[in-house]
>>> print(open('protein.cif').read())   # mmCIF, C-alpha atoms and all ligand atoms
data_query
loop_
_atom_site.label_atom_id
_atom_site.label_comp_id
_atom_site.auth_asym_id
_atom_site.auth_seq_id
_atom_site.Cartn_x
_atom_site.Cartn_y
_atom_site.Cartn_z
CA MET A 1 -90.17 4.57 4.82
CA LYS A 2 -89.93 1.99 7.62
CA LYS A 3 -93.16 0.19 8.53
CA THR A 4 -94.27 -1.36 11.79
CA ASN A 5 -97.35 -2.43 13.77
CA ILE A 6 -98.66 -0.79 16.90
CA SER A 7 -99.95 -3.94 18.61
CA ILE A 8 -102.86 -3.73 21.00
CA PHE A 9 -103.44 -7.00 22.82
CA ILE A 10 -106.97 -8.05 23.63
CA PRO A 11 -106.15 -10.98 25.93
CA HIS A 12 -108.56 -13.85 25.55
CA ALA A 13 -111.49 -11.43 25.51
CA GLY A 14 -114.52 -12.98 23.90
CA CYS A 15 -112.81 -16.20 23.02
CA PRO A 16 -115.35 -19.04 23.16
CA HIS A 17 -112.61 -21.70 23.48
CA LEU A 18 -109.59 -22.73 25.37
CA CYS A 19 -107.20 -24.25 22.88
CA SER A 20 -104.75 -26.85 24.13
CA PHE A 21 -101.73 -24.53 23.77
CA CYS A 22 -103.25 -21.24 24.81
CA ASP A 23 -102.39 -19.20 27.82
CA GLN A 24 -103.14 -15.83 26.29
CA LYS A 25 -102.22 -13.98 29.45
CA SER A 26 -98.64 -15.20 29.15
CA ILE A 27 -98.43 -14.77 25.42
CA SER A 28 -99.69 -11.20 25.35
CA GLY A 29 -98.08 -10.25 28.65
CA ALA A 30 -101.25 -8.30 29.39
CA GLN A 31 -103.79 -9.04 32.09
CA LYS A 32 -106.80 -6.99 31.10
CA ALA A 33 -108.44 -5.81 27.91
CA PRO A 34 -107.83 -2.09 27.28
CA SER A 35 -110.67 0.45 27.17
CA ALA A 36 -111.26 2.55 24.04
CA LYS A 37 -109.93 5.57 25.97
CA GLU A 38 -106.70 3.73 26.83
CA VAL A 39 -106.30 2.76 23.17
CA ALA A 40 -106.91 6.36 22.03
CA ASP A 41 -104.29 7.66 24.49
CA LEU A 42 -101.77 5.05 23.38
CA LEU A 43 -102.30 5.80 19.70
CA GLU A 44 -101.95 9.55 20.25
CA LYS A 45 -98.74 9.07 22.20
CA GLN A 46 -97.27 6.63 19.66
CA ALA A 47 -98.22 8.84 16.70
CA GLU A 48 -95.80 11.57 17.83
CA SER A 49 -92.90 9.19 18.24
CA LEU A 50 -93.64 7.45 14.90
CA TYR A 51 -93.74 10.82 13.16
CA GLU A 52 -90.41 11.88 14.70
CA ARG A 53 -88.77 8.61 13.59
CA ASN A 54 -90.36 8.76 10.12
CA ILE A 55 -92.11 5.39 10.57
CA GLU A 56 -95.52 4.30 9.23
CA ALA A 57 -97.62 1.89 11.29
CA GLU A 58 -100.73 -0.23 11.13
CA ILE A 59 -102.86 -0.42 14.25
CA ALA A 60 -103.04 -4.13 15.09
CA PHE A 61 -105.57 -5.74 17.42
CA PHE A 62 -103.92 -9.01 18.33
CA GLY A 63 -104.00 -11.54 21.10
CA GLY A 64 -107.50 -12.90 21.43
CA SER A 65 -110.30 -13.37 18.94
CA PHE A 66 -111.03 -9.81 17.96
CA THR A 67 -114.27 -10.39 16.05
CA ALA A 68 -115.65 -12.54 18.88
CA ILE A 69 -115.52 -9.82 21.53
CA PRO A 70 -118.83 -8.09 22.34
CA CYS A 71 -119.87 -6.12 19.26
CA ASP A 72 -120.16 -2.78 21.15
CA TYR A 73 -116.63 -3.12 22.48
CA MET A 74 -115.28 -4.16 19.08
CA THR A 75 -116.90 -1.19 17.31
CA GLU A 76 -115.68 1.21 20.02
CA LEU A 77 -112.12 0.00 19.45
CA LEU A 78 -112.51 0.15 15.68
CA GLU A 79 -113.96 3.67 15.84
CA THR A 80 -111.00 4.76 17.97
CA ALA A 81 -108.51 3.21 15.56
CA SER A 82 -110.30 4.58 12.52
CA ARG A 83 -110.24 8.11 14.04
CA ALA A 84 -106.51 7.76 14.67
CA VAL A 85 -105.91 6.70 11.04
CA LYS A 86 -107.74 9.85 9.85
CA GLN A 87 -106.05 12.13 12.39
CA PHE A 88 -102.42 10.96 12.30
CA PRO A 89 -100.63 10.41 8.98
CA ALA A 90 -98.29 7.88 10.66
CA TYR A 91 -101.14 5.34 10.73
CA THR A 92 -101.81 3.62 7.43
CA GLY A 93 -104.39 1.00 8.35
CA ILE A 94 -105.95 -1.36 10.87
CA ARG A 95 -105.40 -5.09 11.18
CA CYS A 96 -106.77 -7.70 13.54
CA SER A 97 -106.43 -11.39 14.27
CA THR A 98 -109.33 -13.72 14.90
CA ARG A 99 -110.63 -17.28 14.75
CA PRO A 100 -111.84 -18.75 11.44
CA ASP A 101 -115.29 -19.48 12.89
CA CYS A 102 -115.76 -15.88 14.04
CA ILE A 103 -116.06 -14.41 10.56
CA ASP A 104 -119.28 -13.96 8.60
CA GLU A 105 -120.61 -11.41 6.12
CA GLU A 106 -121.95 -9.15 8.83
CA ILE A 107 -118.53 -9.07 10.53
CA THR A 108 -116.60 -8.41 7.31
CA GLY A 109 -119.13 -5.61 6.60
CA ILE A 110 -118.32 -4.00 9.99
CA LEU A 111 -114.56 -4.41 9.49
CA LYS A 112 -114.78 -2.87 6.05
CA ARG A 113 -116.90 0.05 7.32
CA PHE A 114 -114.20 1.00 9.82
CA GLY A 115 -111.41 0.68 7.28
CA VAL A 116 -109.82 -2.56 8.45
CA THR A 117 -107.15 -3.35 5.88
CA ALA A 118 -106.04 -6.84 6.92
CA VAL A 119 -107.43 -9.77 8.89
CA GLU A 120 -105.24 -12.60 10.11
CA LEU A 121 -106.91 -15.93 10.81
CA GLY A 122 -105.48 -18.23 13.43
CA ALA A 123 -105.85 -21.39 11.37
CA GLN A 124 -103.02 -23.26 13.16
CA SER A 125 -103.42 -26.42 11.08
CA MET A 126 -105.35 -27.66 8.05
CA SER A 127 -105.53 -31.16 9.50
CA ASP A 128 -108.94 -31.71 11.09
CA GLU A 129 -107.42 -34.34 13.34
CA VAL A 130 -104.86 -31.87 14.69
CA LEU A 131 -107.52 -29.15 15.10
CA LYS A 132 -109.73 -31.55 17.05
CA ALA A 133 -106.91 -32.91 19.22
CA ASN A 134 -106.00 -29.36 20.20
CA GLU A 135 -109.58 -28.34 21.01
CA ARG A 136 -109.68 -25.58 18.44
CA GLY A 137 -113.44 -25.91 17.97
CA HIS A 138 -113.31 -25.22 14.20
CA THR A 139 -112.47 -27.19 11.09
CA SER A 140 -110.19 -26.69 8.10
CA ASP A 141 -113.31 -25.89 6.08
CA ASP A 142 -114.03 -22.96 8.39
CA VAL A 143 -110.59 -21.62 7.44
CA ARG A 144 -111.38 -21.91 3.73
CA LYS A 145 -114.81 -20.25 4.11
CA ALA A 146 -113.57 -17.39 6.31
CA SER A 147 -110.64 -16.80 3.95
CA GLU A 148 -113.00 -16.48 1.00
CA LEU A 149 -115.24 -14.02 2.89
CA ILE A 150 -112.25 -11.85 3.85
CA LYS A 151 -110.79 -11.82 0.37
CA SER A 152 -114.12 -11.14 -1.33
CA ALA A 153 -114.67 -8.17 1.02
CA GLY A 154 -111.45 -6.72 -0.41
CA ILE A 155 -109.56 -7.14 2.88
CA GLU A 156 -106.01 -8.48 2.90
CA LEU A 157 -105.85 -12.03 4.22
CA GLY A 158 -103.19 -13.37 6.58
CA LEU A 159 -103.03 -16.96 7.85
CA GLN A 160 -101.27 -18.17 10.96
CA MET A 161 -100.13 -21.74 11.49
CA MET A 162 -98.38 -23.72 14.22
CA THR A 163 -95.99 -26.63 13.91
CA GLY A 164 -95.63 -29.48 16.38
CA LEU A 165 -99.06 -29.40 18.02
CA TYR A 166 -100.52 -32.50 19.64
CA LYS A 167 -101.04 -35.13 16.88
CA ASP A 168 -99.18 -33.02 14.34
CA THR A 169 -96.46 -34.55 12.16
CA PRO A 170 -93.97 -32.80 9.86
CA GLU A 171 -95.97 -34.14 6.90
CA ARG A 172 -99.19 -32.65 8.32
CA SER A 173 -97.47 -29.30 8.77
CA LEU A 174 -96.29 -29.46 5.15
CA GLU A 175 -99.84 -30.28 4.10
CA THR A 176 -101.04 -27.19 6.00
CA CYS A 177 -98.46 -25.19 4.07
CA ARG A 178 -99.70 -26.62 0.77
CA GLU A 179 -103.34 -25.90 1.71
CA PHE A 180 -102.43 -22.32 2.64
CA ILE A 181 -100.79 -21.88 -0.75
CA LYS A 182 -104.06 -22.98 -2.41
CA ILE A 183 -105.98 -20.37 -0.38
CA LYS A 184 -103.49 -17.67 -1.49
CA PRO A 185 -103.19 -15.46 1.58
CA ARG A 186 -101.05 -12.34 1.25
CA THR A 187 -99.13 -13.08 4.46
CA VAL A 188 -98.38 -16.01 6.75
CA ARG A 189 -97.07 -16.34 10.30
CA ILE A 190 -95.52 -19.61 11.43
CA TYR A 191 -95.30 -20.40 15.11
CA PRO A 192 -93.47 -23.49 16.32
CA THR A 193 -95.39 -24.75 19.36
CA VAL A 194 -94.19 -23.56 22.73
CA ILE A 195 -95.60 -25.75 25.52
CA LEU A 196 -96.68 -23.53 28.39
CA GLU A 197 -97.46 -24.19 32.03
CA ASN A 198 -101.20 -24.16 32.87
CA THR A 199 -102.33 -25.41 29.47
CA ARG A 200 -103.74 -28.71 28.23
CA LEU A 201 -100.57 -29.27 26.20
CA GLY A 202 -98.58 -28.73 29.37
CA GLU A 203 -100.55 -31.50 31.10
CA LEU A 204 -100.12 -33.85 28.13
CA TYR A 205 -96.41 -33.09 28.03
CA LYS A 206 -95.94 -33.72 31.75
CA SER A 207 -97.83 -37.00 31.54
CA GLY A 208 -95.55 -38.16 28.71
CA GLU A 209 -98.46 -38.40 26.25
CA TYR A 210 -97.12 -35.61 24.04
CA GLU A 211 -93.79 -34.25 22.85
CA SER A 212 -93.46 -31.51 20.25
CA PHE A 213 -91.05 -31.66 17.29
CA SER A 214 -87.35 -31.35 18.11
CA PHE A 215 -85.55 -28.07 17.45
CA GLU A 216 -83.64 -29.57 14.52
CA GLU A 217 -86.79 -31.07 12.99
CA THR A 218 -88.58 -27.72 13.30
CA VAL A 219 -85.71 -25.76 11.73
CA GLU A 220 -85.65 -28.15 8.74
CA LEU A 221 -89.45 -28.03 8.41
CA CYS A 222 -89.66 -24.24 8.65
CA ALA A 223 -86.79 -23.81 6.15
CA LYS A 224 -88.76 -25.96 3.70
CA MET A 225 -92.00 -24.04 4.29
CA LEU A 226 -90.24 -20.71 3.96
CA GLU A 227 -89.05 -21.81 0.55
CA MET A 228 -92.51 -23.05 -0.48
CA PHE A 229 -94.20 -19.79 0.55
CA GLU A 230 -91.47 -17.71 -1.08
CA GLU A 231 -91.84 -19.60 -4.36
CA ASN A 232 -95.56 -18.80 -4.27
CA HIS A 233 -95.02 -15.10 -3.48
CA ILE A 234 -96.59 -15.38 -0.04
CA SER A 235 -94.79 -13.27 2.48
CA VAL A 236 -93.85 -14.94 5.80
CA ILE A 237 -94.08 -11.97 8.13
CA ARG A 238 -93.28 -13.79 11.36
CA MET A 239 -91.66 -17.04 12.40
CA GLY A 240 -91.58 -17.91 16.10
CA LEU A 241 -92.99 -16.10 19.11
CA HIS A 242 -91.62 -12.70 20.04
CA ALA A 243 -88.97 -12.82 22.74
CA SER A 244 -90.79 -12.58 26.05
CA ARG A 245 -89.65 -13.13 29.61
CA GLU A 246 -93.07 -14.45 30.62
CA VAL A 247 -93.07 -17.09 27.89
CA GLU A 248 -89.51 -18.09 28.84
CA GLU A 249 -90.56 -18.46 32.48
CA LYS A 250 -93.67 -20.51 31.72
CA MET A 251 -92.22 -22.64 28.94
CA LEU A 252 -92.10 -26.38 29.63
CA GLY A 253 -90.94 -27.55 26.22
CA GLY A 254 -91.36 -27.08 22.48
CA VAL A 255 -89.37 -24.77 20.25
CA TYR A 256 -88.50 -21.20 21.15
CA HIS A 257 -85.49 -19.15 20.12
CA PRO A 258 -85.30 -15.36 19.84
CA SER A 259 -83.54 -15.70 16.45
CA PHE A 260 -85.58 -18.62 15.17
CA ARG A 261 -86.34 -17.00 11.83
CA GLU A 262 -82.69 -16.25 11.10
CA ILE A 263 -81.82 -19.87 11.90
CA ALA A 264 -84.53 -21.21 9.56
CA GLU A 265 -83.54 -18.79 6.80
CA SER A 266 -79.90 -19.85 7.09
CA ARG A 267 -80.98 -23.47 6.80
CA MET A 268 -82.95 -22.65 3.66
CA PHE A 269 -79.78 -21.16 2.16
CA TYR A 270 -77.75 -24.18 3.24
CA ASN A 271 -80.22 -26.54 1.57
CA ARG A 272 -80.14 -24.48 -1.63
CA LEU A 273 -76.33 -24.43 -1.63
CA ILE A 274 -76.22 -28.19 -1.30
CA GLU A 275 -78.67 -28.53 -4.21
CA LEU A 276 -76.50 -26.30 -6.37
CA LEU A 277 -73.14 -27.77 -5.35
CA GLU A 278 -73.86 -31.49 -5.39
CA PRO A 279 -74.13 -31.73 -9.21
CA LEU A 280 -70.80 -29.86 -9.49
CA GLY A 281 -68.93 -32.28 -7.23
CA LYS A 282 -66.72 -31.68 -4.20
CA GLY A 283 -64.17 -28.87 -4.45
CA LYS A 284 -63.48 -25.21 -3.83
CA TYR A 285 -66.04 -22.66 -4.94
CA THR A 286 -66.88 -19.00 -4.62
CA VAL A 287 -70.55 -18.19 -4.03
CA PHE A 288 -71.64 -14.71 -5.05
CA THR A 289 -74.69 -13.29 -3.36
CA ASP A 290 -76.31 -9.97 -2.65
CA LYS A 291 -75.24 -8.11 0.50
CA ARG A 292 -78.57 -8.80 2.22
CA ASN A 293 -78.11 -12.58 1.86
CA ILE A 294 -74.52 -12.88 3.04
CA SER A 295 -75.17 -13.64 6.71
CA LYS A 296 -77.91 -16.13 5.76
CA ALA A 297 -75.60 -17.92 3.32
CA VAL A 298 -72.77 -18.04 5.85
CA GLY A 299 -75.10 -19.20 8.64
CA GLN A 300 -75.09 -18.44 12.35
CA LYS A 301 -71.55 -18.72 13.68
CA ARG A 302 -70.51 -19.75 10.10
CA GLU A 303 -72.45 -22.98 10.55
CA ASN A 304 -73.36 -23.36 6.86
CA LEU A 305 -69.75 -23.00 5.75
CA ARG A 306 -68.60 -25.47 8.38
CA ARG A 307 -71.20 -28.06 7.41
CA LEU A 308 -70.43 -27.62 3.72
CA TYR A 309 -66.71 -28.04 4.43
CA GLU A 310 -67.39 -31.29 6.25
CA LYS A 311 -69.18 -32.50 3.12
CA GLY A 312 -66.20 -31.62 0.92
CA TYR A 313 -67.20 -28.14 -0.28
CA ASP A 314 -64.72 -25.41 0.55
CA ILE A 315 -66.76 -22.26 0.06
CA ARG A 316 -65.98 -18.57 0.01
CA ILE A 317 -68.92 -16.16 0.00
CA LYS A 318 -68.48 -12.90 -1.88
CA GLU A 319 -70.80 -9.98 -2.33
CA ARG A 320 -72.28 -9.34 -5.75
CA SER A 321 -75.14 -6.88 -6.06
CA GLY A 322 -78.40 -8.50 -7.18
CA ALA A 323 -77.00 -12.05 -7.14
CA TYR A 324 -78.89 -14.79 -5.34
CA LEU A 325 -76.49 -17.72 -5.20
CA ASP A 326 -74.14 -17.66 -8.20
CA ILE A 327 -71.46 -20.31 -8.06
CA GLY A 328 -67.96 -19.76 -9.48
CA GLU A 329 -64.76 -21.75 -9.10
CA ILE A 330 -61.99 -20.20 -6.99
S1 LIG B 401 -108.90 -19.17 19.92
FE1 LIG B 401 -107.05 -18.00 20.29
S2 LIG B 401 -107.46 -16.82 22.14
FE2 LIG B 401 -108.97 -18.44 22.04
S3 LIG B 401 -108.17 -20.07 23.28
FE3 LIG B 401 -107.59 -20.47 21.18
S4 LIG B 401 -105.59 -19.53 20.88
FE4 LIG B 401 -106.46 -18.73 22.78
#
>>> encode(input="protein.cif", output="structure tokens")
Amino acid sequence: MKKTNISIFIPHAGCPHLCSFCDQKSISGAQKAPSAKEVADLLEKQAESLYERNIEAEIAFFGGSFTAIPCDYMTELLETASRAVKQFPAYTGIRCSTRPDCIDEEITGILKRFGVTAVELGAQSMSDEVLKANERGHTSDDVRKASELIKSAGIELGLQMMTGLYKDTPERSLETCREFIKIKPRTVRIYPTVILENTRLGELYKSGEYESFSFEETVELCAKMLEMFEENHISVIRMGLHASREVEEKMLGGVYHPSFREIAESRMFYNRLIELLEPLGKGKYTVFTDKRNISKAVGQKRENLRRLYEKGYDIRIKERSGAYLDIGEI
């Protein structure tokens, strides 16, 4: 059965900070926090359509710092979601995103009581220098402690990171990836920085003090991290911001592409092909791969095949069920 999230955005509500990159109103596209009644109506309406399309969904409170909103409001929303999970079979759980310094035992107790199944922490970086430069107001140690609390409460842990923040370097992003792997979250989201109007990063960018990573650098970096997470059985459930007209309108710089993940995945396949082909020497080869990998191996607009050809590898890709990248001579 297909799975999805019903996302409910709580824009900036309760957030004690203003991070350098954040303009939550643009990112969520929402202007005001929804009431419990509005959430209940939305969930009831969505349940019918999910049922008709045979789709299961988790109810996801995203956007701000869910566990930092006033406790009464948070429990009202959780009660509403928990009722919907009991009432409508289409809903399989509740997830939320929050800041690493807004988790303690009392909070995990509340989340558990209302049946929250997953918590995603906006860690953004495991470099304290990057966290400080971007006014996050928490440290990498807060990420480790909150992660432990979530996991020991029996709640699934997700971690979110950004690449190309102020004072970030590709090596620091890779270090964040390595630190995440040590923490062992179940899921990860990777967001290349998008520099928005009306943010601190926007000011730094306009003044010439800051420039994010280039598109090419970010694709290479994300391809590498995708591989590292995959090797450690950590699922990357999102890469890049969702396509949004508001973000496109307010974007000053940084990396944004509606198909960013596909581009990074293709690059990962290209890098693996090069690793496999180089020891064999230049020539003509057939690469067998499973149907689901074909477009990634070929690359967007056949870019991987073109680049390989320029390096002396004339490649044909053929489908073979269950194969990853099996090389044969033509
Ligand atoms: S913690 Fe999250 S919601 Fe708050 S300012 Fe930072 S990014 Fe925005």
>>> residues_around(input="protein.cif", residues="Pro170 of chain A", least_positions_apart="6", cutoff="8 Å", atoms="only C-alpha atoms", output="ChimeraX atom specification")
/A:163-164,221
>>> closest_residue(input="protein.cif", among="A:Ala60, A:Val119, A:Ala68, A:Ala264", to="Lys151 of chain A", atoms="only C-alpha atoms")
A:Val119
>>> closest_residue(input="protein.cif", among="A:Glu246, A:Glu171, A:Glu135, A:Glu106", to="ligand LIG 401 (chain B)", atoms="all atoms listed in the file")
A:Glu135
>>> atom_distance(input="protein.cif", atom1="atom CA of His257 of chain A", atom2="atom CA of Ile195 of chain A")
13.2 Å
>>> residues_around(input="protein.cif", residues="Ala81 of chain A", least_positions_apart="2", cutoff="9 Å", atoms="all atoms listed in the file", output="PyMOL selection string")
chain A and resi 36+39-40+43+59+76-79+83-86+93-94+114
>>> atom_distance(input="protein.cif", atom1="atom CA of Gln87 of chain A", atom2="atom CA of Ile103 of chain A")
28.4 Å
>>> residues_around(input="protein.cif", residues="Pro279 of chain A", least_positions_apart="5", cutoff="12 Å", atoms="only C-alpha atoms", output="number ranges by chain")
A: 273-274, 313, 327
>>> residues_around(input="protein.cif", residues="Asn134 of chain A", least_positions_apart="2", cutoff="10 Å", atoms="all atoms listed in the file", output="MDAnalysis selection string")
chainID A and resid 18:22 124:125 128:132 136:137 165:168 200:201
>>> write_last_selection(input="protein.cif", atoms="C-alpha atoms", output="PDB file, in the frame of the given file")
ATOM      1  CA  LEU A  18    -109.590 -22.730  25.370  1.00  0.00           C
ATOM      2  CA  CYS A  19    -107.200 -24.250  22.880  1.00  0.00           C
ATOM      3  CA  SER A  20    -104.750 -26.850  24.130  1.00  0.00           C
ATOM      4  CA  PHE A  21    -101.730 -24.530  23.770  1.00  0.00           C
ATOM      5  CA  CYS A  22    -103.250 -21.240  24.810  1.00  0.00           C
ATOM      6  CA  GLN A 124    -103.020 -23.260  13.160  1.00  0.00           C
ATOM      7  CA  SER A 125    -103.420 -26.420  11.080  1.00  0.00           C
ATOM      8  CA  ASP A 128    -108.940 -31.710  11.090  1.00  0.00           C
ATOM      9  CA  GLU A 129    -107.420 -34.340  13.340  1.00  0.00           C
ATOM     10  CA  VAL A 130    -104.860 -31.870  14.690  1.00  0.00           C
ATOM     11  CA  LEU A 131    -107.520 -29.150  15.100  1.00  0.00           C
ATOM     12  CA  LYS A 132    -109.730 -31.550  17.050  1.00  0.00           C
ATOM     13  CA  ARG A 136    -109.680 -25.580  18.440  1.00  0.00           C
ATOM     14  CA  GLY A 137    -113.440 -25.910  17.970  1.00  0.00           C
ATOM     15  CA  LEU A 165     -99.060 -29.400  18.020  1.00  0.00           C
ATOM     16  CA  TYR A 166    -100.520 -32.500  19.640  1.00  0.00           C
ATOM     17  CA  LYS A 167    -101.040 -35.130  16.880  1.00  0.00           C
ATOM     18  CA  ASP A 168     -99.180 -33.020  14.340  1.00  0.00           C
ATOM     19  CA  ARG A 200    -103.740 -28.710  28.230  1.00  0.00           C
ATOM     20  CA  LEU A 201    -100.570 -29.270  26.200  1.00  0.00           C
TER      21      LEU A 201
END
>>> residues_around(input="protein.cif", residues="Asp290 of chain A", least_positions_apart="5", cutoff="8 Å", atoms="all atoms listed in the file", output="PyMOL selection string")
chain A and resi 319-324
>>> closest_residue(input="protein.cif", among="A:Glu56, A:Ser147, A:Glu38, A:Gln160", to="ligand LIG 401 (chain B)", atoms="only C-alpha atoms and all ligand atoms")
A:Gln160
